[in-house]
$ cat start.csv   # CSV, N, CA and C atoms
chain,number,residue,atom,x,y,z
A,48,MET,N,16.3,-26.3,7.8
A,48,MET,CA,15.5,-25.1,8.3
A,48,MET,C,15.6,-24.0,7.3
A,49,ASN,N,16.7,-23.7,6.8
A,49,ASN,CA,16.9,-22.6,5.9
A,49,ASN,C,16.1,-22.8,4.6
A,50,ALA,N,16.0,-24.0,4.1
A,50,ALA,CA,15.2,-24.3,2.9
A,50,ALA,C,13.7,-24.1,3.2
A,51,ASP,N,13.3,-24.4,4.4
A,51,ASP,CA,11.9,-24.2,4.7
A,51,ASP,C,11.6,-22.7,4.7
A,52,PHE,N,12.5,-21.9,5.3
A,52,PHE,CA,12.3,-20.5,5.4
A,52,PHE,C,12.2,-19.9,4.0
A,53,CYS,N,13.1,-20.3,3.1
A,53,CYS,CA,13.1,-19.8,1.8
A,53,CYS,C,11.9,-20.2,1.0
A,54,ALA,N,11.4,-21.4,1.2
A,54,ALA,CA,10.1,-21.8,0.6
A,54,ALA,C,9.0,-21.0,1.1
A,55,ASN,N,8.9,-20.6,2.3
A,55,ASN,CA,7.9,-19.8,2.9
A,55,ASN,C,8.0,-18.4,2.3
A,56,CYS,N,9.2,-17.9,2.1
A,56,CYS,CA,9.4,-16.6,1.6
A,56,CYS,C,8.9,-16.5,0.1
A,57,ALA,N,9.2,-17.5,-0.6
A,57,ALA,CA,8.7,-17.6,-2.0
A,57,ALA,C,7.2,-17.7,-2.1
A,58,ALA,N,6.6,-18.4,-1.2
A,58,ALA,CA,5.1,-18.5,-1.1
A,58,ALA,C,4.4,-17.2,-0.8
A,59,TRP,N,5.1,-16.5,0.1
A,59,TRP,CA,4.5,-15.2,0.6
A,59,TRP,C,4.8,-14.0,-0.3
A,60,SER,N,5.7,-14.2,-1.2
A,60,SER,CA,6.2,-13.0,-2.1
A,60,SER,C,5.1,-12.3,-2.8
A,61,PRO,N,4.1,-13.0,-3.4
A,61,PRO,CA,3.0,-12.2,-4.1
A,61,PRO,C,2.1,-11.5,-3.1
A,62,ARG,N,1.9,-12.1,-1.9
A,62,ARG,CA,1.1,-11.4,-0.9
A,62,ARG,C,1.8,-10.2,-0.4
A,63,VAL,N,3.1,-10.3,-0.2
A,63,VAL,CA,3.8,-9.1,0.3
A,63,VAL,C,3.9,-8.0,-0.7
A,64,LEU,N,3.9,-8.3,-2.0
A,64,LEU,CA,3.7,-7.3,-3.0
A,64,LEU,C,2.4,-6.6,-2.9
A,65,SER,N,1.3,-7.3,-2.6
A,65,SER,CA,0.0,-6.6,-2.3
A,65,SER,C,0.1,-5.7,-1.1
A,66,ILE,N,0.8,-6.2,-0.1
A,66,ILE,CA,0.9,-5.4,1.2
A,66,ILE,C,1.7,-4.1,0.9
A,67,LEU,N,2.8,-4.2,0.1
A,67,LEU,CA,3.6,-3.1,-0.3
A,67,LEU,C,2.7,-2.1,-1.0
A,68,ARG,N,1.9,-2.5,-2.0
A,68,ARG,CA,1.1,-1.7,-2.7
A,68,ARG,C,0.1,-0.9,-1.8
A,69,ILE,N,-0.5,-1.7,-0.9
A,69,ILE,CA,-1.6,-1.1,0.0
A,69,ILE,C,-0.9,-0.1,0.9
A,70,VAL,N,0.2,-0.4,1.5
A,70,VAL,CA,0.8,0.6,2.5
A,70,VAL,C,1.3,1.8,1.7
A,71,ALA,N,1.9,1.6,0.6
A,71,ALA,CA,2.4,2.8,-0.2
A,71,ALA,C,1.2,3.7,-0.6
A,72,ALA,N,0.1,3.1,-1.0
A,72,ALA,CA,-1.1,3.8,-1.3
A,72,ALA,C,-1.7,4.6,-0.2
A,73,LEU,N,-1.7,4.0,1.0
A,73,LEU,CA,-2.2,4.7,2.2
A,73,LEU,C,-1.4,5.8,2.6
A,74,LEU,N,-0.1,5.7,2.4
A,74,LEU,CA,0.9,6.8,2.7
A,74,LEU,C,0.7,7.9,1.7
A,75,LEU,N,0.5,7.6,0.5
A,75,LEU,CA,0.4,8.6,-0.6
A,75,LEU,C,-1.0,9.3,-0.4
A,76,LEU,N,-2.0,8.6,0.0
A,76,LEU,CA,-3.3,9.2,0.2
A,76,LEU,C,-3.3,10.3,1.2
A,77,GLN,N,-2.4,10.2,2.2
A,77,GLN,CA,-2.3,11.3,3.1
A,77,GLN,C,-2.0,12.6,2.5
A,78,PHE,N,-1.1,12.6,1.5
A,78,PHE,CA,-0.7,13.8,0.8
A,78,PHE,C,-1.8,14.4,0.0
A,79,GLY,N,-2.5,13.5,-0.7
A,79,GLY,CA,-3.6,14.0,-1.5
A,79,GLY,C,-4.8,14.6,-0.7
A,80,MET,N,-5.1,13.9,0.4
A,80,MET,CA,-6.1,14.3,1.3
A,80,MET,C,-5.7,15.7,2.0
A,81,ALA,N,-4.5,15.8,2.4
A,81,ALA,CA,-4.0,17.0,3.0
A,81,ALA,C,-4.1,18.2,2.1
A,82,LYS,N,-3.7,18.0,0.8
A,82,LYS,CA,-3.7,19.1,-0.2
A,82,LYS,C,-5.1,19.5,-0.6
A,83,LEU,N,-6.0,18.5,-0.8
A,83,LEU,CA,-7.3,18.8,-1.4
A,83,LEU,C,-8.4,18.8,-0.4
A,84,LEU,N,-8.3,18.0,0.6
A,84,LEU,CA,-9.4,18.0,1.6
A,84,LEU,C,-9.1,18.7,2.9
A,85,GLY,N,-7.9,19.1,3.1
A,85,GLY,CA,-7.5,19.7,4.3
A,85,GLY,C,-7.4,18.8,5.5
A,86,PHE,N,-7.3,17.5,5.3
A,86,PHE,CA,-7.2,16.6,6.4
A,86,PHE,C,-6.2,15.5,6.0
A,87,PRO,N,-5.2,15.3,6.9
A,87,PRO,CA,-4.9,16.0,8.1
A,87,PRO,C,-4.5,17.4,7.7
A,88,ALA,N,-4.7,18.3,8.7
A,88,ALA,CA,-4.3,19.7,8.4
A,88,ALA,C,-2.8,19.9,8.4
A,89,VAL,N,-2.3,20.4,7.3
A,89,VAL,CA,-0.9,20.6,7.2
A,89,VAL,C,-0.8,22.1,6.7
A,90,PRO,N,-0.1,22.9,7.5
A,90,PRO,CA,-0.1,24.4,7.2
A,90,PRO,C,0.5,24.7,5.8
A,91,ALA,N,1.5,23.9,5.4
A,91,ALA,CA,2.1,24.1,4.1
A,91,ALA,C,1.1,23.9,2.9
A,92,PHE,N,0.0,23.1,3.2
A,92,PHE,CA,-0.9,22.8,2.1
A,92,PHE,C,-2.3,23.5,2.3
A,93,ALA,N,-2.3,24.5,3.2
A,93,ALA,CA,-3.5,25.2,3.5
A,93,ALA,C,-3.9,26.1,2.2
A,94,GLY,N,-5.1,26.0,1.8
A,94,GLY,CA,-5.5,26.8,0.7
A,94,GLY,C,-5.0,26.4,-0.7
A,95,VAL,N,-4.7,25.2,-0.9
A,95,VAL,CA,-4.2,24.7,-2.2
A,95,VAL,C,-5.3,24.8,-3.2
A,96,LYS,N,-5.0,25.5,-4.3
A,96,LYS,CA,-6.0,25.6,-5.4
A,96,LYS,C,-5.9,24.4,-6.3
A,97,LEU,N,-7.0,23.9,-6.8
A,97,LEU,CA,-7.1,22.7,-7.6
A,97,LEU,C,-6.3,22.7,-8.8
A,98,PHE,N,-6.2,23.9,-9.5
A,98,PHE,CA,-5.5,23.9,-10.8
A,98,PHE,C,-4.1,24.6,-10.6
A,99,SER,N,-3.5,24.4,-9.4
A,99,SER,CA,-2.1,24.8,-9.2
A,99,SER,C,-1.3,23.5,-9.2
A,100,LEU,N,0.0,23.7,-9.2
A,100,LEU,CA,1.0,22.6,-9.2
A,100,LEU,C,0.7,21.6,-8.0
A,101,TYR,N,0.5,22.2,-6.8
A,101,TYR,CA,0.1,21.4,-5.7
A,101,TYR,C,-1.3,20.7,-5.8
A,102,GLY,N,-2.2,21.4,-6.4
A,102,GLY,CA,-3.5,20.9,-6.6
A,102,GLY,C,-3.5,19.7,-7.6
A,103,ILE,N,-2.8,19.8,-8.7
A,103,ILE,CA,-2.7,18.7,-9.6
A,103,ILE,C,-2.0,17.5,-9.0
A,104,ALA,N,-0.9,17.8,-8.2
A,104,ALA,CA,-0.2,16.7,-7.5
A,104,ALA,C,-1.2,16.1,-6.5
A,105,GLY,N,-1.9,16.9,-5.8
A,105,GLY,CA,-2.9,16.3,-4.8
A,105,GLY,C,-4.0,15.5,-5.5
A,106,SER,N,-4.4,15.9,-6.7
A,106,SER,CA,-5.4,15.1,-7.4
A,106,SER,C,-4.8,13.8,-7.8
A,107,LEU,N,-3.6,13.8,-8.4
A,107,LEU,CA,-2.9,12.5,-8.7
A,107,LEU,C,-2.8,11.6,-7.5
A,108,GLU,N,-2.4,12.2,-6.4
A,108,GLU,CA,-2.2,11.4,-5.2
A,108,GLU,C,-3.5,10.9,-4.6
A,109,LEU,N,-4.5,11.7,-4.6
A,109,LEU,CA,-5.8,11.2,-4.1
A,109,LEU,C,-6.4,10.2,-5.0
A,110,VAL,N,-6.6,10.4,-6.2
A,110,VAL,CA,-7.2,9.5,-7.2
A,110,VAL,C,-6.3,8.3,-7.4
A,111,GLY,N,-5.0,8.5,-7.6
A,111,GLY,CA,-4.0,7.4,-7.8
A,111,GLY,C,-3.9,6.6,-6.6
A,112,GLY,N,-3.8,7.3,-5.4
A,112,GLY,CA,-3.7,6.5,-4.2
A,112,GLY,C,-4.9,5.6,-3.9
A,113,GLY,N,-6.1,6.1,-4.2
A,113,GLY,CA,-7.3,5.3,-4.1
A,113,GLY,C,-7.3,4.1,-5.0
A,114,LEU,N,-6.9,4.4,-6.3
A,114,LEU,CA,-6.8,3.2,-7.2
A,114,LEU,C,-5.8,2.2,-6.8
A,115,LEU,N,-4.6,2.7,-6.4
A,115,LEU,CA,-3.6,1.7,-5.9
A,115,LEU,C,-4.1,1.0,-4.7
A,116,LEU,N,-4.8,1.6,-3.8
A,116,LEU,CA,-5.2,1.0,-2.6
A,116,LEU,C,-6.1,-0.2,-2.9
A,117,ILE,N,-7.0,-0.1,-3.8
A,117,ILE,CA,-7.8,-1.3,-4.2
A,117,ILE,C,-7.2,-2.1,-5.3
A,118,GLY,N,-6.1,-1.6,-5.9
A,118,GLY,CA,-5.4,-2.4,-6.9
A,118,GLY,C,-6.1,-2.4,-8.2
A,119,LEU,N,-6.7,-1.3,-8.6
A,119,LEU,CA,-7.3,-1.2,-9.9
A,119,LEU,C,-6.5,-0.4,-10.9
A,120,PHE,N,-6.2,-0.9,-12.0
A,120,PHE,CA,-5.3,-0.3,-13.0
A,120,PHE,C,-3.9,0.0,-12.4
A,121,THR,N,-3.4,-0.9,-11.6
A,121,THR,CA,-2.2,-0.7,-10.9
A,121,THR,C,-1.0,-0.3,-11.7
A,122,ARG,N,-0.8,-1.0,-12.8
A,122,ARG,CA,0.4,-0.7,-13.6
A,122,ARG,C,0.4,0.7,-14.2
A,123,PRO,N,-0.6,1.1,-14.9
A,123,PRO,CA,-0.6,2.5,-15.5
A,123,PRO,C,-0.6,3.6,-14.4
A,124,VAL,N,-1.4,3.3,-13.3
A,124,VAL,CA,-1.5,4.3,-12.2
A,124,VAL,C,-0.1,4.4,-11.5
A,125,ALA,N,0.5,3.3,-11.3
A,125,ALA,CA,1.8,3.3,-10.6
A,125,ALA,C,2.9,4.0,-11.5
A,126,PHE,N,2.8,3.8,-12.8
A,126,PHE,CA,3.7,4.4,-13.7
A,126,PHE,C,3.6,6.0,-13.7
A,127,ILE,N,2.3,6.4,-13.7
A,127,ILE,CA,2.0,7.9,-13.6
A,127,ILE,C,2.5,8.4,-12.3
A,128,LEU,N,2.2,7.7,-11.2
A,128,LEU,CA,2.7,8.2,-9.9
A,128,LEU,C,4.2,8.2,-9.8
A,129,SER,N,4.9,7.3,-10.4
A,129,SER,CA,6.3,7.3,-10.4
A,129,SER,C,6.8,8.5,-11.0
A,130,GLY,N,6.2,8.8,-12.2
A,130,GLY,CA,6.6,10.1,-12.9
A,130,GLY,C,6.3,11.3,-12.0
A,131,GLU,N,5.2,11.3,-11.4
A,131,GLU,CA,4.9,12.5,-10.5
A,131,GLU,C,5.9,12.6,-9.4
A,132,MET,N,6.3,11.6,-8.8
A,132,MET,CA,7.3,11.6,-7.8
A,132,MET,C,8.7,12.1,-8.3
A,133,ALA,N,9.0,11.7,-9.5
A,133,ALA,CA,10.3,12.1,-10.1
A,133,ALA,C,10.2,13.6,-10.4
A,134,VAL,N,9.1,14.1,-10.9
A,134,VAL,CA,8.9,15.5,-11.1
A,134,VAL,C,9.0,16.3,-9.8
A,135,ALA,N,8.3,15.8,-8.8
A,135,ALA,CA,8.3,16.4,-7.5
A,135,ALA,C,9.7,16.5,-7.0
A,136,TYR,N,10.5,15.5,-7.1
A,136,TYR,CA,11.9,15.5,-6.7
A,136,TYR,C,12.7,16.6,-7.4
A,137,PHE,N,12.6,16.6,-8.7
A,137,PHE,CA,13.5,17.5,-9.5
A,137,PHE,C,13.0,18.9,-9.4
A,138,ILE,N,11.7,19.2,-9.2
A,138,ILE,CA,11.2,20.6,-9.0
A,138,ILE,C,11.4,21.0,-7.6
A,139,GLY,N,11.0,20.2,-6.6
A,139,GLY,CA,11.0,20.7,-5.3
A,139,GLY,C,12.2,20.4,-4.4
A,140,HIS,N,13.0,19.4,-4.8
A,140,HIS,CA,14.1,19.0,-3.9
A,140,HIS,C,15.5,19.2,-4.5
A,141,PHE,N,15.6,18.7,-5.7
A,141,PHE,CA,16.9,18.7,-6.4
A,141,PHE,C,17.6,20.1,-6.4
A,142,PRO,N,16.8,21.2,-6.7
A,142,PRO,CA,17.5,22.5,-6.7
A,142,PRO,C,18.2,22.9,-5.4
A,143,LYS,N,17.8,22.3,-4.3
A,143,LYS,CA,18.3,22.7,-3.0
A,143,LYS,C,19.7,22.0,-2.8
A,144,SER,N,19.8,20.8,-3.3
A,144,SER,CA,21.1,20.0,-3.2
A,144,SER,C,21.0,18.8,-4.0
A,145,PHE,N,22.1,18.2,-4.4
A,145,PHE,CA,22.1,17.0,-5.2
A,145,PHE,C,21.8,15.8,-4.3
A,146,ILE,N,22.1,15.8,-3.0
A,146,ILE,CA,21.9,14.7,-2.1
A,146,ILE,C,20.6,14.7,-1.4
A,147,PRO,N,19.8,13.6,-1.6
A,147,PRO,CA,18.4,13.6,-1.0
A,147,PRO,C,18.4,13.8,0.5
A,148,LEU,N,19.3,13.3,1.2
A,148,LEU,CA,19.3,13.6,2.7
A,148,LEU,C,19.4,15.1,3.0
A,149,LEU,N,20.1,15.8,2.2
A,149,LEU,CA,20.3,17.3,2.4
A,149,LEU,C,19.1,18.1,1.8
A,150,ASN,N,18.5,17.6,0.8
A,150,ASN,CA,17.4,18.4,0.2
A,150,ASN,C,16.0,18.0,0.6
A,151,GLY,N,15.9,17.0,1.5
A,151,GLY,CA,14.5,16.6,1.9
A,151,GLY,C,13.8,15.7,1.0
A,152,GLY,N,14.5,15.1,0.0
A,152,GLY,CA,13.8,14.4,-1.1
A,152,GLY,C,13.7,12.9,-0.9
A,153,ASN,N,14.1,12.4,0.2
A,153,ASN,CA,14.1,10.9,0.4
A,153,ASN,C,12.8,10.3,0.1
A,154,GLU,N,11.7,10.9,0.6
A,154,GLU,CA,10.4,10.3,0.4
A,154,GLU,C,10.0,10.2,-1.1
A,155,ALA,N,10.3,11.3,-1.8
A,155,ALA,CA,10.0,11.4,-3.3
A,155,ALA,C,10.8,10.3,-4.0
A,156,VAL,N,12.0,10.1,-3.7
A,156,VAL,CA,12.9,9.1,-4.4
A,156,VAL,C,12.3,7.7,-4.1
A,157,ILE,N,12.1,7.4,-2.8
A,157,ILE,CA,11.6,6.0,-2.5
A,157,ILE,C,10.3,5.8,-3.1
A,158,TYR,N,9.3,6.8,-3.0
A,158,TYR,CA,8.0,6.6,-3.7
A,158,TYR,C,8.2,6.4,-5.2
A,159,CYS,N,9.1,7.1,-5.8
A,159,CYS,CA,9.3,7.0,-7.3
A,159,CYS,C,9.7,5.6,-7.6
A,160,PHE,N,10.6,5.0,-6.9
A,160,PHE,CA,11.0,3.7,-7.2
A,160,PHE,C,10.1,2.5,-6.8
A,161,VAL,N,9.4,2.8,-5.7
A,161,VAL,CA,8.3,1.8,-5.3
A,161,VAL,C,7.2,1.8,-6.4
A,162,PHE,N,6.8,2.9,-6.8
A,162,PHE,CA,5.8,3.0,-7.8
A,162,PHE,C,6.3,2.4,-9.2
A,163,LEU,N,7.5,2.7,-9.5
A,163,LEU,CA,8.1,2.1,-10.7
A,163,LEU,C,8.1,0.6,-10.6
A,164,TYR,N,8.5,0.1,-9.5
A,164,TYR,CA,8.4,-1.4,-9.3
A,164,TYR,C,7.0,-1.9,-9.5
A,165,LEU,N,6.0,-1.3,-8.9
A,165,LEU,CA,4.6,-1.7,-9.0
A,165,LEU,C,4.2,-1.6,-10.4
A,166,ALA,N,4.7,-0.6,-11.2
A,166,ALA,CA,4.3,-0.5,-12.6
A,166,ALA,C,4.7,-1.8,-13.4
A,167,PHE,N,5.8,-2.4,-13.0
A,167,PHE,CA,6.3,-3.6,-13.6
A,167,PHE,C,5.8,-4.9,-13.0
A,168,ALA,N,5.6,-4.9,-11.6
A,168,ALA,CA,5.2,-6.1,-10.9
A,168,ALA,C,3.7,-6.3,-10.9
A,169,GLY,N,3.0,-5.2,-11.0
A,169,GLY,CA,1.5,-5.3,-10.8
A,169,GLY,C,1.1,-5.2,-9.4
A,170,GLY,N,-0.2,-5.4,-9.1
A,170,GLY,CA,-0.7,-5.2,-7.8
A,170,GLY,C,-0.7,-6.4,-6.9
A,171,GLY,N,-0.4,-7.6,-7.4
A,171,GLY,CA,-0.4,-8.7,-6.5
A,171,GLY,C,-1.7,-9.4,-6.5
A,172,PRO,N,-1.8,-10.5,-5.7
A,172,PRO,CA,-3.1,-11.3,-5.7
A,172,PRO,C,-4.2,-10.6,-5.0
A,173,TRP,N,-3.9,-9.7,-4.1
A,173,TRP,CA,-5.0,-9.0,-3.3
A,173,TRP,C,-5.3,-7.7,-4.0
A,174,SER,N,-5.8,-7.7,-5.2
A,174,SER,CA,-6.1,-6.5,-5.9
A,174,SER,C,-7.3,-6.8,-6.8
A,175,VAL,N,-8.0,-5.7,-7.2
A,175,VAL,CA,-9.1,-5.8,-8.1
A,175,VAL,C,-8.6,-6.2,-9.5
A,176,ASP,N,-7.4,-5.8,-9.8
A,176,ASP,CA,-6.8,-6.3,-11.1
A,176,ASP,C,-6.7,-7.8,-11.1
A,177,ALA,N,-6.3,-8.5,-10.0
A,177,ALA,CA,-6.2,-9.9,-10.0
A,177,ALA,C,-7.6,-10.6,-10.1
A,178,VAL,N,-8.6,-10.0,-9.4
A,178,VAL,CA,-9.9,-10.5,-9.5
A,178,VAL,C,-10.5,-10.4,-11.0
A,179,ARG,N,-10.2,-9.2,-11.6
A,179,ARG,CA,-10.7,-9.0,-13.0
A,179,ARG,C,-10.0,-10.0,-13.9
A,180,ARG,N,-8.7,-10.3,-13.7
A,180,ARG,CA,-8.0,-11.2,-14.5
A,180,ARG,C,-8.6,-12.6,-14.4
A,181,SER,N,-8.9,-13.0,-13.1
A,181,SER,CA,-9.4,-14.4,-12.9
A,181,SER,C,-10.8,-14.5,-13.5
A,182,VAL,N,-11.6,-13.5,-13.5
A,182,VAL,CA,-12.9,-13.5,-14.1
A,182,VAL,C,-12.9,-13.6,-15.6
A,183,LEU,N,-11.9,-12.9,-16.2
A,183,LEU,CA,-11.8,-12.9,-17.6
A,183,LEU,C,-11.2,-14.2,-18.2
A,184,THR,N,-10.5,-15.0,-17.4
A,184,THR,CA,-9.9,-16.2,-17.9
A,184,THR,C,-10.7,-17.4,-17.6

$ encode --input "start.csv" --output "structure tokens"
Amino acid sequence: MNADFCANCAAWSPRVLSILRIVAALLLLQFGMAKLLGFPAVPAFAGVKLFSLYGIAGSLELVGGGLLLIGLFTRPVAFILSGEMAVAYFIGHFPKSFIPLLNGGNEAVIYCFVFLYLAFAGGGPWSVDAVRRSVLT
């Protein structure tokens, strides 16, 4: 029974990679939409200017989140977003405390490493990248 379970895990691994990418993209899209489109309404993001630090971050989150959602240019987009999350952590959270639990930076840290993983692993089989790859071969 354990061998069957492990075999199923291995078979589903690429699909779960795609699910991780999609869920992370949807969660990130919230931030970009809140900062640039005002939806959902978040008081801290009210009136964000496009060419401000929050505006640039929102642009990366909106465009990058959309590209990740469909799995287009997954590796370079995920690498850029990983860097954005690292910058967000060190600018917005780290000065408050070294410990993420105390400085509110848990999300930035986990996003950073999920996106770094996606930069190396790719978008999985349920992505535009996979479709493009299959058409080109």

$ atom_distance --input "start.csv" --atom1 "atom N of Ile127 (chain A)" --atom2 "atom N of Leu114 (chain A)"
12.0 Å

$ atom_distance --input "start.csv" --atom1 "atom C of Ala125 (chain A)" --atom2 "atom C of Glu108 (chain A)"
11.7 Å

$ closest_residue --input "start.csv" --among "A:Phe120, A:Trp59, A:Leu128, A:Ala88" --to "Val161 (chain A)" --atoms "only N, CA and C atoms"
A:Leu128

$ atom_distance --input "start.csv" --atom1 "atom N of Phe86 (chain A)" --atom2 "atom N of Ser99 (chain A)"
16.7 Å

$ closest_residue --input "start.csv" --among "A:Asn49, A:Asn153, A:Ser60, A:Ser144" --to "Trp173 (chain A)" --atoms "only C-alpha atoms"
A:Ser60

$ closest_residue --input "start.csv" --among "A:Phe162, A:Phe92, A:Leu109, A:Arg179" --to "Gly79 (chain A)" --atoms "only N, CA and C atoms"
A:Leu109

$ residues_around --input "start.csv" --residues "Ser174 (chain A)" --least-positions-apart "6" --cutoff "8 Å" --atoms "only C-alpha atoms" --output "VMD selection string"
chain A and resid 65 117 to 119

$ closest_residue --input "start.csv" --among "A:Gly151, A:Gly112, A:Gly94, A:Gly105" --to "Leu75 (chain A)" --atoms "all atoms listed in the file"
A:Gly112

$ residues_around --input "start.csv" --residues "Pro61 (chain A)" --least-positions-apart "2" --cutoff "10 Å" --atoms "only C-alpha atoms" --output "VMD selection string"
chain A and resid 56 to 59 63 to 67 168 to 173

$ write_last_selection --input "start.csv" --atoms "N, CA and C atoms" --output "CSV table (one decimal), in the frame of the given file"
chain,number,residue,atom,x,y,z
A,56,CYS,N,9.2,-17.9,2.1
A,56,CYS,CA,9.4,-16.6,1.6
A,56,CYS,C,8.9,-16.5,0.1
A,57,ALA,N,9.2,-17.5,-0.6
A,57,ALA,CA,8.7,-17.6,-2.0
A,57,ALA,C,7.2,-17.7,-2.1
A,58,ALA,N,6.6,-18.4,-1.2
A,58,ALA,CA,5.1,-18.5,-1.1
A,58,ALA,C,4.4,-17.2,-0.8
A,59,TRP,N,5.1,-16.5,0.1
A,59,TRP,CA,4.5,-15.2,0.6
A,59,TRP,C,4.8,-14.0,-0.3
A,63,VAL,N,3.1,-10.3,-0.2
A,63,VAL,CA,3.8,-9.1,0.3
A,63,VAL,C,3.9,-8.0,-0.7
A,64,LEU,N,3.9,-8.3,-2.0
A,64,LEU,CA,3.7,-7.3,-3.0
A,64,LEU,C,2.4,-6.6,-2.9
A,65,SER,N,1.3,-7.3,-2.6
A,65,SER,CA,0.0,-6.6,-2.3
A,65,SER,C,0.1,-5.7,-1.1
A,66,ILE,N,0.8,-6.2,-0.1
A,66,ILE,CA,0.9,-5.4,1.2
A,66,ILE,C,1.7,-4.1,0.9
A,67,LEU,N,2.8,-4.2,0.1
A,67,LEU,CA,3.6,-3.1,-0.3
A,67,LEU,C,2.7,-2.1,-1.0
A,168,ALA,N,5.6,-4.9,-11.6
A,168,ALA,CA,5.2,-6.1,-10.9
A,168,ALA,C,3.7,-6.3,-10.9
A,169,GLY,N,3.0,-5.2,-11.0
A,169,GLY,CA,1.5,-5.3,-10.8
A,169,GLY,C,1.1,-5.2,-9.4
A,170,GLY,N,-0.2,-5.4,-9.1
A,170,GLY,CA,-0.7,-5.2,-7.8
A,170,GLY,C,-0.7,-6.4,-6.9
A,171,GLY,N,-0.4,-7.6,-7.4
A,171,GLY,CA,-0.4,-8.7,-6.5
A,171,GLY,C,-1.7,-9.4,-6.5
A,172,PRO,N,-1.8,-10.5,-5.7
A,172,PRO,CA,-3.1,-11.3,-5.7
A,172,PRO,C,-4.2,-10.6,-5.0
A,173,TRP,N,-3.9,-9.7,-4.1
A,173,TRP,CA,-5.0,-9.0,-3.3
A,173,TRP,C,-5.3,-7.7,-4.0

$ decode --input "start.csv" --residues "region 60-110 of chain A" --atoms "C-alpha atoms" --output "PDB file, in the first residue's frame"
ATOM      1  CA  SER A  60       4.087  15.803  -8.564  1.00  0.00           C
ATOM      2  CA  PRO A  61       4.167  17.797 -11.846  1.00  0.00           C
ATOM      3  CA  ARG A  62       0.460  18.632 -11.564  1.00  0.00           C
ATOM      4  CA  VAL A  63       0.840  19.786  -7.971  1.00  0.00           C
ATOM      5  CA  LEU A  64       3.676  22.044  -9.152  1.00  0.00           C
ATOM      6  CA  SER A  65       1.178  23.682 -11.528  1.00  0.00           C
ATOM      7  CA  ILE A  66      -1.355  24.003  -8.708  1.00  0.00           C
ATOM      8  CA  LEU A  67       1.274  25.650  -6.467  1.00  0.00           C
ATOM      9  CA  ARG A  68       2.071  28.131  -9.260  1.00  0.00           C
ATOM     10  CA  ILE A  69      -1.606  28.948  -9.846  1.00  0.00           C
ATOM     11  CA  VAL A  70      -2.454  29.418  -6.160  1.00  0.00           C
ATOM     12  CA  ALA A  71       0.646  31.547  -5.500  1.00  0.00           C
ATOM     13  CA  ALA A  72      -0.204  33.682  -8.544  1.00  0.00           C
ATOM     14  CA  LEU A  73      -3.794  34.208  -7.409  1.00  0.00           C
ATOM     15  CA  LEU A  74      -2.646  35.227  -3.947  1.00  0.00           C
ATOM     16  CA  LEU A  75      -0.052  37.622  -5.368  1.00  0.00           C
ATOM     17  CA  LEU A  76      -2.584  39.123  -7.791  1.00  0.00           C
ATOM     18  CA  GLN A  77      -4.597  40.346  -4.786  1.00  0.00           C
ATOM     19  CA  PHE A  78      -1.759  42.645  -3.784  1.00  0.00           C
ATOM     20  CA  GLY A  79      -1.259  44.059  -7.269  1.00  0.00           C
ATOM     21  CA  MET A  80      -4.985  44.611  -7.746  1.00  0.00           C
ATOM     22  CA  ALA A  81      -5.361  46.267  -4.344  1.00  0.00           C
ATOM     23  CA  LYS A  82      -2.423  48.606  -4.979  1.00  0.00           C
ATOM     24  CA  LEU A  83      -3.220  49.583  -8.560  1.00  0.00           C
ATOM     25  CA  LEU A  84      -6.933  48.942  -9.090  1.00  0.00           C
ATOM     26  CA  GLY A  85      -8.220  49.581  -5.569  1.00  0.00           C
ATOM     27  CA  PHE A  86      -9.879  46.168  -5.415  1.00  0.00           C
ATOM     28  CA  PRO A  87     -10.156  44.742  -2.915  1.00  0.00           C
ATOM     29  CA  ALA A  88     -10.101  48.014  -1.024  1.00  0.00           C
ATOM     30  CA  VAL A  89      -7.211  48.076   1.430  1.00  0.00           C
ATOM     31  CA  PRO A  90      -6.823  51.361   3.324  1.00  0.00           C
ATOM     32  CA  ALA A  91      -3.019  51.040   3.421  1.00  0.00           C
ATOM     33  CA  PHE A  92      -2.949  50.929  -0.396  1.00  0.00           C
ATOM     34  CA  ALA A  93      -5.395  53.782  -1.031  1.00  0.00           C
ATOM     35  CA  GLY A  94      -4.040  56.339  -3.478  1.00  0.00           C
ATOM     36  CA  VAL A  95      -0.895  54.440  -4.485  1.00  0.00           C
ATOM     37  CA  LYS A  96       0.946  56.327  -7.237  1.00  0.00           C
ATOM     38  CA  LEU A  97       2.139  54.233 -10.184  1.00  0.00           C
ATOM     39  CA  PHE A  98       5.731  55.479 -10.001  1.00  0.00           C
ATOM     40  CA  SER A  99       6.110  55.054  -6.250  1.00  0.00           C
ATOM     41  CA  LEU A 100       7.708  52.093  -4.498  1.00  0.00           C
ATOM     42  CA  TYR A 101       4.261  50.604  -3.839  1.00  0.00           C
ATOM     43  CA  GLY A 102       3.202  51.355  -7.417  1.00  0.00           C
ATOM     44  CA  ILE A 103       6.196  49.585  -8.917  1.00  0.00           C
ATOM     45  CA  ALA A 104       5.660  46.635  -6.569  1.00  0.00           C
ATOM     46  CA  GLY A 105       1.972  46.589  -7.523  1.00  0.00           C
ATOM     47  CA  SER A 106       2.882  46.589 -11.222  1.00  0.00           C
ATOM     48  CA  LEU A 107       5.220  43.634 -10.729  1.00  0.00           C
ATOM     49  CA  GLU A 108       2.572  41.810  -8.712  1.00  0.00           C
ATOM     50  CA  LEU A 109      -0.233  42.488 -11.190  1.00  0.00           C
ATOM     51  CA  VAL A 110       1.657  41.720 -14.390  1.00  0.00           C
TER      52      VAL A 110
END
